[in-house]
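Text of target27.txt, listed as compact mmCIF, C-alpha atoms:
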```
# COMPACT_ATOMS: atom_id res chain seq x y z
CA MET K 1 -0.55 4.16 5.96
CA THR K 2 2.30 6.67 6.10
CA GLU K 3 4.14 6.25 2.79
CA VAL K 4 2.17 5.34 -0.31
CA ARG K 5 3.96 4.71 -3.60
CA HIS K 6 2.35 6.22 -6.69
CA THR K 7 2.13 3.72 -9.53
CA PRO K 8 -0.03 5.55 -12.11
CA VAL K 9 -1.10 2.53 -14.17
CA ALA K 10 -2.79 -0.33 -12.34
CA PRO K 11 -1.20 -3.51 -13.72
CA THR K 12 -3.11 -6.37 -15.29
CA ARG K 13 -1.35 -9.64 -14.57
CA THR K 14 -1.27 -12.88 -12.61
CA GLN K 15 1.39 -13.43 -9.96
CA ARG K 16 2.11 -15.74 -7.06
CA LEU K 17 2.41 -14.47 -3.51
CA PRO K 18 3.75 -16.95 -0.93
CA SER K 19 2.01 -17.19 2.44
CA GLY K 20 2.89 -14.07 4.40
CA GLY K 21 3.98 -12.27 1.25
CA GLU K 22 3.19 -8.56 1.03
CA ILE K 23 2.90 -5.76 -1.50
CA ASP K 24 3.56 -2.45 0.27
CA ALA K 25 1.23 0.54 0.23
CA HIS K 26 0.68 2.10 -3.18
CA ARG K 27 -2.01 3.79 -5.26
CA HIS K 28 -3.00 3.93 -8.91
CA ASP K 29 -4.71 6.45 -11.17
CA ASP K 30 -6.80 3.52 -12.45
CA HIS K 31 -9.40 1.37 -10.74
CA GLN K 32 -8.32 -2.17 -9.91
CA ILE K 33 -9.88 -5.57 -9.28
CA VAL K 34 -7.88 -7.79 -6.95
CA TYR K 35 -8.73 -11.49 -6.87
CA ALA K 36 -7.09 -14.46 -5.17
CA GLY K 37 -7.82 -17.54 -7.26
CA ARG K 38 -6.18 -19.58 -4.51
CA GLY K 39 -5.53 -18.68 -0.87
CA VAL K 40 -6.86 -15.64 1.01
CA LEU K 41 -5.89 -12.02 0.42
CA THR K 42 -6.13 -9.06 2.80
CA VAL K 43 -6.22 -5.53 1.40
CA THR K 44 -5.56 -2.73 3.89
CA THR K 45 -6.24 0.98 3.46
CA GLY K 46 -6.32 3.90 5.86
CA ALA K 47 -10.02 3.19 6.42
CA GLY K 48 -9.66 -0.45 7.41
CA SER K 49 -9.12 -3.87 5.89
CA TRP K 50 -10.96 -6.10 3.45
CA VAL K 51 -10.47 -9.88 3.24
CA ALA K 52 -11.31 -12.10 0.31
CA PRO K 53 -11.21 -15.86 -0.21
CA ALA K 54 -11.53 -17.40 -3.69
CA THR K 55 -15.28 -16.72 -3.81
CA ARG K 56 -14.76 -12.97 -3.45
CA ALA K 57 -12.90 -10.17 -5.25
CA ILE K 58 -11.91 -6.74 -3.98
CA TRP K 59 -12.70 -3.55 -5.89
CA ILE K 60 -10.20 -0.72 -5.31
CA PRO K 61 -11.23 2.68 -6.70
CA ALA K 62 -8.68 4.90 -8.44
CA GLY K 63 -6.51 6.91 -6.07
CA THR K 64 -7.01 4.65 -3.04
CA GLY K 65 -3.82 3.84 -1.16
CA HIS K 66 -3.73 0.11 -0.41
CA ALA K 67 -1.44 -2.74 0.61
CA HIS K 68 -1.79 -6.51 0.08
CA GLN K 69 -0.97 -9.47 2.31
CA ALA K 70 -1.22 -13.14 1.35
CA HIS K 71 -2.48 -15.89 3.65
CA GLY K 72 -1.73 -19.30 2.28
CA ASP K 73 -0.15 -19.66 -1.15
CA VAL K 74 -1.98 -16.98 -3.15
CA GLU K 75 -2.52 -16.91 -6.89
CA LEU K 76 -3.07 -13.19 -7.33
CA HIS K 77 -5.02 -11.80 -10.27
CA LEU K 78 -4.73 -8.04 -10.78
CA LEU K 79 -6.93 -6.28 -13.32
CA GLY K 80 -6.61 -2.55 -14.00
CA LEU K 81 -9.49 -0.52 -15.41
CA PRO K 82 -9.23 3.06 -16.69
CA ARG K 83 -10.88 5.65 -14.47
CA ARG K 84 -13.59 6.20 -17.11
CA GLU K 85 -14.65 2.55 -16.76
CA ASP K 86 -16.38 2.64 -13.40
CA PRO K 87 -19.14 -0.01 -13.28
CA LEU K 88 -19.61 0.18 -9.50
CA ARG K 89 -19.36 3.95 -8.86
CA LEU K 90 -18.09 3.46 -5.33
CA ASP K 91 -16.04 5.93 -3.29
CA GLY K 92 -14.19 3.21 -1.37
CA PRO K 93 -13.08 -0.41 -1.70
CA ALA K 94 -15.64 -3.20 -1.61
CA VAL K 95 -15.72 -6.98 -1.49
CA LEU K 96 -17.73 -8.52 -4.34
CA ALA K 97 -19.26 -11.94 -4.77
CA VAL K 98 -17.53 -13.81 -7.61
CA SER K 99 -19.80 -15.96 -9.73
CA PRO K 100 -18.29 -18.83 -11.75
CA LEU K 101 -18.54 -16.68 -14.90
CA LEU K 102 -16.90 -13.65 -13.27
CA ARG K 103 -14.12 -15.87 -11.93
CA GLU K 104 -13.30 -17.21 -15.39
CA LEU K 105 -13.43 -13.72 -16.91
CA ILE K 106 -10.98 -12.35 -14.33
CA ILE K 107 -8.61 -15.28 -14.78
CA THR K 108 -8.74 -15.10 -18.58
CA CYS K 109 -8.26 -11.32 -18.71
CA THR K 110 -5.28 -11.40 -16.32
CA ARG K 111 -3.51 -14.35 -17.92
CA GLY K 112 -3.73 -13.28 -21.54
CA GLU K 113 -2.16 -10.37 -23.36
CA ASP K 114 -3.48 -7.02 -22.14
CA ASP K 115 -4.11 -5.53 -25.58
CA ASP K 116 -6.83 -3.79 -27.58
CA SER K 117 -7.72 -6.76 -29.75
CA PRO K 118 -11.42 -7.25 -30.57
CA GLU K 119 -11.46 -10.46 -28.50
CA GLN K 120 -10.01 -8.71 -25.44
CA LYS K 121 -12.45 -5.81 -25.78
CA ARG K 122 -15.40 -8.22 -25.88
CA LEU K 123 -14.13 -10.06 -22.80
CA ARG K 124 -13.74 -6.83 -20.86
CA ALA K 125 -17.21 -5.66 -21.92
CA VAL K 126 -18.74 -8.83 -20.47
CA LEU K 127 -16.55 -8.45 -17.37
CA LEU K 128 -17.88 -4.92 -16.80
CA ASP K 129 -21.45 -6.19 -17.19
CA GLN K 130 -20.80 -8.89 -14.58
CA LEU K 131 -19.28 -6.35 -12.19
CA ARG K 132 -22.36 -4.12 -12.50
CA ILE K 133 -24.61 -6.93 -11.25
CA SER K 134 -22.19 -8.33 -8.67
CA VAL K 135 -23.31 -8.31 -5.05
CA GLN K 136 -21.30 -6.47 -2.41
CA GLN K 137 -20.35 -8.57 0.62
CA PRO K 138 -20.03 -7.15 4.18
CA LEU K 139 -16.41 -8.21 4.72
CA HIS K 140 -14.99 -4.82 5.62
CA LEU K 141 -13.30 -4.38 9.00
CA PRO K 142 -13.21 -0.60 9.55
CA THR K 143 -10.46 1.10 11.54
CA PRO K 144 -11.48 3.49 14.34
CA SER K 145 -10.08 7.01 14.64
CA SER K 146 -10.60 7.82 18.31
CA PRO K 147 -7.79 6.64 20.62
CA VAL K 148 -10.09 5.00 23.17
CA LEU K 149 -11.95 2.97 20.57
CA ARG K 150 -8.69 2.05 18.84
CA THR K 151 -7.40 0.73 22.17
CA VAL K 152 -10.39 -1.61 22.52
CA CYS K 153 -10.23 -2.77 18.89
CA ASP K 154 -6.47 -3.37 19.07
CA ARG K 155 -6.95 -5.55 22.17
CA LEU K 156 -9.37 -7.75 20.26
CA ARG K 157 -7.23 -7.83 17.13
CA VAL K 158 -4.43 -9.31 19.23
CA ASP K 159 -6.78 -11.93 20.70
CA PRO K 160 -10.13 -12.39 18.91
CA SER K 161 -11.03 -15.11 21.46
CA ASP K 162 -11.25 -12.45 24.19
CA ASN K 163 -14.91 -12.75 25.24
CA ARG K 164 -15.04 -9.82 27.64
CA THR K 165 -18.09 -7.57 27.45
CA LEU K 166 -17.90 -4.02 26.16
CA ALA K 167 -18.21 -2.76 29.75
CA GLU K 168 -15.25 -4.90 30.84
CA LEU K 169 -13.14 -3.78 27.90
CA GLY K 170 -14.18 -0.20 28.57
CA ARG K 171 -12.98 -0.30 32.16
CA GLU K 172 -9.54 -1.25 30.92
CA ALA K 173 -9.58 1.47 28.25
CA GLY K 174 -11.03 4.14 30.51
CA ALA K 175 -14.43 4.59 28.87
CA SER K 176 -17.99 3.52 29.63
CA ALA K 177 -19.83 0.90 27.61
CA ARG K 178 -22.30 3.59 26.57
CA THR K 179 -19.54 5.82 25.20
CA LEU K 180 -17.89 2.95 23.33
CA SER K 181 -21.21 1.76 21.92
CA ARG K 182 -21.88 5.25 20.58
CA LEU K 183 -18.39 5.40 19.02
CA PHE K 184 -18.82 2.03 17.31
CA GLY K 185 -21.95 3.32 15.60
CA LYS K 186 -20.56 6.77 14.79
CA GLU K 187 -17.07 5.82 13.60
CA LEU K 188 -17.47 2.27 12.32
CA GLY K 189 -21.13 2.16 11.28
CA MET K 190 -21.82 -1.05 13.17
CA THR K 191 -22.49 -2.34 16.65
CA PHE K 192 -19.81 -3.84 18.87
CA PRO K 193 -21.09 -7.44 18.36
CA GLN K 194 -21.16 -6.89 14.56
CA TRP K 195 -17.59 -5.57 14.55
CA ARG K 196 -16.33 -8.43 16.73
CA THR K 197 -18.00 -10.99 14.45
CA GLN K 198 -16.36 -9.37 11.41
CA LEU K 199 -12.99 -9.47 13.16
CA ARG K 200 -13.42 -13.15 13.98
CA LEU K 201 -14.48 -14.02 10.43
CA HIS K 202 -11.43 -12.18 9.06
CA ARG K 203 -9.13 -14.09 11.41
CA ALA K 204 -10.90 -17.37 10.64
CA LEU K 205 -10.28 -16.96 6.90
CA VAL K 206 -6.61 -16.29 7.54
CA LEU K 207 -6.23 -19.31 9.84
CA LEU K 208 -8.07 -21.60 7.43
CA ALA K 209 -5.82 -20.45 4.58
CA GLU K 210 -2.88 -21.46 6.75
CA GLN K 211 -4.36 -24.97 7.06
CA THR K 212 -5.44 -24.61 10.71
CA PRO K 213 -8.04 -27.28 11.65
CA VAL K 214 -11.63 -26.02 11.89
CA THR K 215 -11.99 -26.89 15.58
CA LYS K 216 -8.83 -24.97 16.44
CA VAL K 217 -9.98 -21.98 14.36
CA ALA K 218 -13.27 -21.89 16.25
CA ASN K 219 -11.42 -21.91 19.56
CA GLN K 220 -8.81 -19.30 18.60
CA CYS K 221 -11.47 -16.96 17.25
CA GLY K 222 -13.68 -17.12 20.32
CA TRP K 223 -16.71 -19.11 19.26
CA SER K 224 -18.38 -21.11 22.03
CA SER K 225 -18.34 -24.28 19.92
CA THR K 226 -17.26 -25.59 16.53
CA SER K 227 -20.89 -25.89 15.44
CA ALA K 228 -21.56 -22.24 16.35
CA PHE K 229 -18.55 -21.19 14.26
CA ILE K 230 -19.66 -23.31 11.30
CA ASP K 231 -23.15 -21.79 11.46
CA VAL K 232 -21.88 -18.18 11.45
CA PHE K 233 -19.33 -18.96 8.72
CA ARG K 234 -21.96 -20.60 6.50
CA ARG K 235 -24.31 -17.64 6.84
CA ALA K 236 -21.47 -15.22 5.94
CA PHE K 237 -19.92 -17.13 3.02
CA GLY K 238 -22.55 -19.59 1.80
CA HIS K 239 -20.50 -22.70 2.54
CA THR K 240 -18.82 -24.42 5.48
CA PRO K 241 -15.27 -23.61 6.65
CA GLY K 242 -14.18 -27.17 5.81
CA LYS K 243 -13.97 -26.06 2.17
CA HIS K 244 -11.00 -23.84 3.09
CA SER K 245 -9.09 -26.23 5.36
CA GLY K 246 -6.58 -28.83 4.34
```

As a first step, turn the structure in this file into structure tokens.
Amino acid sequence: MTEVRHTPVAPTRTQRLPSGGEIDAHRHDDHQIVYAGRGVLTVTTGAGSWVAPATRAIWIPAGTGHAHQAHGDVELHLLGLPRREDPLRLDGPAVLAVSPLLRELIITCTRGEDDDSPEQKRLRAVLLDQLRISVQQPLHLPTPSSPVLRTVCDRLRVDPSDNRTLAELGREAGASARTLSRLFGKELGMTFPQWRTQLRLHRALVLLAEQTPVTKVANQCGWSSTSAFIDVFRRAFGHTPGKHSG
């Protein structure tokens, strides 16, 4: 992320982003909750990308440069929180599970007047309580720093259905499977199979938001069968991919 706009105050509002719509890289002096009530949203930082369907929200700590991209017609809810209000105490962005109550709190707080009325203060107090008990979800796709690992990851980003082994990918990139495996753990904090599964789940959410049929999503993302895709998706998100497709 080369150029990052500085917008000191994180806005609190609801806005529509059409499919493919983007908000360029920027940062705030406030914390921010980003939630797509409809569609799927990708948030990208220098450290990687986070993806969130309507059952997840993204927490962005103050000072973090980030950009947004919409997949499907997105109803975007943005909620700014002063730096002193830090219920999660995280150094980096995170994807959070959104309970029915947290969903309604986010929607209500971003659609109403952002003021200091007693009603608004009570709503935000409950919202902060819900954030403190929210569960983080492993939907982060980290970005590698070493050129050789970036080459391998970029190949798979272009085509997540590429089923070559790490050794085969390494031969093309000029590195051994052992070296690449070590780099995945050191730089990305996960194994190669874990990273590839995350990549495929990210792409699957995007394709489903664009109304791609489930069978086609499974094929394009590299799963051996539709049933295998459904099983992995259910374990990751708690429901089947059919809930996202048209």

Task: Shortest interatomic distance to Ala54 (chain K) - which of K:Pro100, K:Pro147, K:Pro18, K:Pro82, counting only C-alpha atoms - done: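 Nearest to Ala54 (chain K): K:Pro100.
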
Task: CA of Gln15 (chain K) to CA of Leu96 (chain K), straight-line distance in Å - done: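 So the two atoms, CA of Leu96 (chain K) and CA of Gln15 (chain K), lie 20.5 Å apart.
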
Could I get the residues of region 57-128 of chain K with an atom no further than 9 Å from an atom of region 206-225 of chain K, each paired with its nearest atom pair and that distance in Å to one decimal, using all atoms listed in the file, sorted by chain and residue number, as CSV?
```
residue,atom,partner,partner_atom,distance
K:Ala70,CA,K:Val206,CA,8.8
K:His71,CA,K:Val206,CA,5.7
K:Gly72,CA,K:Ala209,CA,4.8
K:Asp73,CA,K:Ala209,CA,8.1
```

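The space between CA of Arg83 (chain K) and CA of Asp29 (chain K) spans 7.0 Å.
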
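Distances to Thr55 (chain K) were evaluated for K:Leu201, K:Leu102, K:Val148, K:Leu123 using only C-alpha atoms, and the minimum falls at K:Leu102.
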
Quick one: 3 Å padding each side, axis-aligned, all listed atoms of region 78-81 of chain K - centre and edge lengths in Å to one decimal, as AutoDock Vina command-line options?
```
--center_x -7.1 --center_y -4.3 --center_z -13.1 --size_x 10.8 --size_y 13.5 --size_z 10.6
```

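Taking CA of Asp30 (chain K) and CA of Pro61 (chain K) as endpoints, the distance between them is 7.3 Å.
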
Task: Counting only C-alpha atoms, the residue of K:Thr226, K:Ser146, K:Ser161, K:Thr108 that sits nearest Thr179 (chain K) - done: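 For Thr179 (chain K), the nearest of the candidates is K:Ser146.
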
TODO: Skip Ala57 (chain K) itself and residues of its chain fewer than 6 positions away, then list as a list in words all residues within 8 Å of it, counting only C-alpha atoms.
DONE: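 Everything that qualifies: Ile33, Val34, Tyr35, Ala36, Val95, Leu96, Ala97 and Val98 of chain K.
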
- [ ] Go through K:Val40, K:Ala236, K:Val158, K:Ala125 one by one, measure the shortest atom-to-atom distance of each to Gly20 (chain K) using only C-alpha atoms, and give the residue with the smallest value.
- [x]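 Ranking K:Val40, K:Ala236, K:Val158, K:Ala125 by distance to Gly20 (chain K), first place goes to K:Val40.
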
Task: Counting all atoms listed in the file, the option among K:Leu183, K:Ala94, K:Ala52, K:Leu79 closest to Ala10 (chain K) - done: K:Leu79

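Nearest residue to Leu169 (chain K), choosing from K:Arg235, K:Arg150, K:Arg38, K:Arg13 and counting all atoms listed in the file: K:Arg150.
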
Task: Test item: residues at most 9 Å from Ala47 (chain K), all atoms listed in the file, excluding those fewer than 4 positions along its chain, as a PyMOL selection string - done: chain K and resi 92+141-144
